[in-house]
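Chemist: My questions will all concern the structure given below.
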Amino acid sequence: MDALSHLAISPRGFCFDARSGATFSLNPSACRLVEGLRDGLGLGDLTALVSAEFDVREDQDPCRDVLDFIRALRAEGLLPVDFELGA
């Protein structure tokens with residue numbers, strides 16, 4: 001995904017935004033979501049990825065968590081405001 005191609009992410013989750021110079025720390029699930037977004041995965045695939053690879057409790061809503069993460073990326077300027085996540 002072009003919108004996130006400017007991010008450099010280390011194996012330990014250190015994230016550098018080459019456009020702004022900002023740095024972030026990503027936990028393992030956030031790293032996987034960014035990778036999935038770069039690969040063009042949609043909401044269903046991202047939700048399945050998080051559910052399969054991480055310990056998701058029964059009372060958690062991984063779909064909501066993915067959407068919250070997308071909102072956070074938008075708020076930080078890492079995704080365009082008009083970014084739409086496919087199904």
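Ordered as shown in the structure tokens, chains take letters A, B, and onward, while each chain numbers its residues from 1 and ligands are numbered from 1 in the order shown.
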Using DSSP on the backbone, list every residue of chain A that comes out as alpha helix (DSSP H), and give them as a ChimeraX atom specification.
Modeler: /A:28-38,43-53,62-75
Chemist: How would the residues just chosen look if you wrote them out with N, CA, C and O atoms as a short mmCIF file (atom, residue, chain, number, x, y, z; two decimals), in the first residue's frame?
Modeler:
```cif
data_model
loop_
_atom_site.label_atom_id
_atom_site.label_comp_id
_atom_site.auth_asym_id
_atom_site.auth_seq_id
_atom_site.Cartn_x
_atom_site.Cartn_y
_atom_site.Cartn_z
N PRO A 28 3.46 -6.06 18.50
CA PRO A 28 3.44 -7.08 17.44
C PRO A 28 2.16 -7.09 16.61
O PRO A 28 2.22 -7.26 15.38
N SER A 29 1.01 -6.88 17.23
CA SER A 29 -0.22 -6.90 16.44
C SER A 29 -0.29 -5.68 15.52
O SER A 29 -0.74 -5.79 14.37
N ALA A 30 0.17 -4.55 15.97
CA ALA A 30 0.19 -3.35 15.13
C ALA A 30 1.14 -3.54 13.95
O ALA A 30 0.82 -3.14 12.82
N CYS A 31 2.29 -4.16 14.19
CA CYS A 31 3.22 -4.44 13.09
C CYS A 31 2.56 -5.32 12.04
O CYS A 31 2.67 -5.07 10.84
N ARG A 32 1.86 -6.36 12.47
CA ARG A 32 1.19 -7.27 11.53
C ARG A 32 0.08 -6.54 10.77
O ARG A 32 -0.13 -6.80 9.59
N LEU A 33 -0.64 -5.66 11.45
CA LEU A 33 -1.69 -4.92 10.76
C LEU A 33 -1.10 -3.99 9.70
O LEU A 33 -1.65 -3.89 8.60
N VAL A 34 -0.02 -3.33 10.01
CA VAL A 34 0.62 -2.46 9.02
C VAL A 34 1.08 -3.30 7.83
O VAL A 34 0.88 -2.92 6.67
N GLU A 35 1.67 -4.46 8.10
CA GLU A 35 2.09 -5.35 7.01
C GLU A 35 0.88 -5.76 6.17
O GLU A 35 0.94 -5.76 4.93
N GLY A 36 -0.22 -6.10 6.84
CA GLY A 36 -1.43 -6.49 6.12
C GLY A 36 -2.00 -5.35 5.29
O GLY A 36 -2.44 -5.56 4.15
N LEU A 37 -1.97 -4.15 5.83
CA LEU A 37 -2.43 -2.99 5.07
C LEU A 37 -1.54 -2.74 3.85
O LEU A 37 -2.03 -2.44 2.77
N ARG A 38 -0.24 -2.88 4.05
CA ARG A 38 0.69 -2.73 2.92
C ARG A 38 0.41 -3.76 1.83
O ARG A 38 0.60 -3.50 0.65
N LEU A 43 -10.76 -5.50 5.54
CA LEU A 43 -11.16 -5.62 6.94
C LEU A 43 -11.32 -7.07 7.37
O LEU A 43 -10.83 -7.46 8.43
N GLY A 44 -11.98 -7.86 6.57
CA GLY A 44 -12.20 -9.26 6.94
C GLY A 44 -10.90 -10.02 7.10
O GLY A 44 -10.71 -10.78 8.06
N ASP A 45 -9.98 -9.82 6.16
CA ASP A 45 -8.69 -10.50 6.23
C ASP A 45 -7.84 -10.00 7.40
O ASP A 45 -7.17 -10.79 8.06
N LEU A 46 -7.88 -8.72 7.66
CA LEU A 46 -7.12 -8.17 8.79
C LEU A 46 -7.68 -8.68 10.11
O LEU A 46 -6.91 -9.03 11.01
N THR A 47 -8.98 -8.74 10.21
CA THR A 47 -9.61 -9.26 11.42
C THR A 47 -9.24 -10.73 11.62
O THR A 47 -8.91 -11.15 12.74
N ALA A 48 -9.28 -11.51 10.56
CA ALA A 48 -8.92 -12.92 10.63
C ALA A 48 -7.45 -13.08 11.01
O ALA A 48 -7.11 -13.96 11.81
N LEU A 49 -6.60 -12.24 10.47
CA LEU A 49 -5.17 -12.29 10.77
C LEU A 49 -4.94 -12.06 12.27
O LEU A 49 -4.23 -12.83 12.92
N VAL A 50 -5.55 -11.02 12.81
CA VAL A 50 -5.39 -10.71 14.23
C VAL A 50 -5.94 -11.86 15.09
O VAL A 50 -5.31 -12.27 16.06
N SER A 51 -7.09 -12.38 14.72
CA SER A 51 -7.71 -13.46 15.49
C SER A 51 -6.86 -14.72 15.47
O SER A 51 -6.77 -15.43 16.47
N ALA A 52 -6.25 -15.02 14.33
CA ALA A 52 -5.47 -16.24 14.19
C ALA A 52 -4.10 -16.16 14.85
O ALA A 52 -3.61 -17.15 15.39
N GLU A 53 -3.48 -14.99 14.81
CA GLU A 53 -2.10 -14.88 15.25
C GLU A 53 -1.91 -14.37 16.67
O GLU A 53 -0.83 -14.48 17.22
N PRO A 62 -12.28 -8.10 17.49
CA PRO A 62 -11.11 -7.77 16.68
C PRO A 62 -11.43 -6.83 15.52
O PRO A 62 -10.58 -6.03 15.13
N CYS A 63 -12.63 -6.88 15.00
CA CYS A 63 -13.02 -5.97 13.92
C CYS A 63 -12.98 -4.53 14.42
O CYS A 63 -12.43 -3.65 13.77
N ARG A 64 -13.54 -4.30 15.58
CA ARG A 64 -13.52 -2.96 16.17
C ARG A 64 -12.08 -2.51 16.44
O ARG A 64 -11.71 -1.37 16.20
N ASP A 65 -11.25 -3.45 16.93
CA ASP A 65 -9.86 -3.12 17.21
C ASP A 65 -9.12 -2.71 15.94
O ASP A 65 -8.33 -1.76 15.95
N VAL A 66 -9.36 -3.42 14.84
CA VAL A 66 -8.73 -3.08 13.56
C VAL A 66 -9.17 -1.69 13.13
O VAL A 66 -8.36 -0.85 12.73
N LEU A 67 -10.47 -1.43 13.21
CA LEU A 67 -10.99 -0.11 12.81
C LEU A 67 -10.44 1.01 13.70
O LEU A 67 -10.13 2.10 13.21
N ASP A 68 -10.30 0.73 14.99
CA ASP A 68 -9.70 1.72 15.90
C ASP A 68 -8.25 2.00 15.51
O ASP A 68 -7.79 3.15 15.55
N PHE A 69 -7.53 0.95 15.12
CA PHE A 69 -6.14 1.13 14.69
C PHE A 69 -6.07 1.97 13.42
O PHE A 69 -5.21 2.85 13.31
N ILE A 70 -6.97 1.73 12.49
CA ILE A 70 -7.02 2.52 11.25
C ILE A 70 -7.27 4.00 11.60
O ILE A 70 -6.62 4.89 11.06
N ARG A 71 -8.19 4.25 12.52
CA ARG A 71 -8.46 5.63 12.95
C ARG A 71 -7.21 6.27 13.57
O ARG A 71 -6.91 7.43 13.32
N ALA A 72 -6.47 5.48 14.36
CA ALA A 72 -5.26 6.00 14.97
C ALA A 72 -4.20 6.33 13.91
O ALA A 72 -3.52 7.36 14.00
N LEU A 73 -4.08 5.48 12.90
CA LEU A 73 -3.14 5.76 11.81
C LEU A 73 -3.53 7.04 11.07
O LEU A 73 -2.66 7.84 10.72
N ARG A 74 -4.82 7.22 10.86
CA ARG A 74 -5.29 8.47 10.22
C ARG A 74 -4.96 9.68 11.09
O ARG A 74 -4.48 10.70 10.59
N ALA A 75 -5.24 9.56 12.38
CA ALA A 75 -5.02 10.68 13.30
C ALA A 75 -3.55 11.07 13.36
O ALA A 75 -3.23 12.26 13.54
#
```
Chemist: One decimal, Å: what's the distance from atom CA of Asp61 of chain A over to atom CA of Asn27 of chain A, could you say?
Modeler: 17.9 Å
Chemist: Out of A:Leu26, A:Val56, A:Leu79, A:Leu41, which residue has the shortest atom-to-atom distance to Arg12 of chain A when counting only C-alpha atoms?
Modeler: A:Leu26
Chemist: Between atom CA of Pro80 of chain A and atom CA of Asp55 of chain A, measure the distance and give it in Å to one decimal.
Modeler: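 Spanning atom CA of Pro80 of chain A to atom CA of Asp55 of chain A is a straight-line distance of 29.6 Å.
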Chemist: Give me, please, the distance in Å between atom CA of His6 of chain A and atom CA of Gly40 of chain A, quoted to one decimal.
Modeler: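 Those two atoms sit 15.2 Å apart.
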Chemist: Considering only strand (DSSP E or B) as DSSP defines it on the backbone, what residues of chain A qualify? List them as a PyMOL selection string.
Modeler: chain A and resi 7-9+14-17+23-25
Chemist: Which residue, A:Ser10, A:Leu4, A:Leu78, A:Gly42, has the smallest gap to Ser25 of chain A when you use only C-alpha atoms?
Modeler: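 Between A:Ser10, A:Leu4, A:Leu78, A:Gly42, the residue approaching Ser25 of chain A most closely is A:Ser10.
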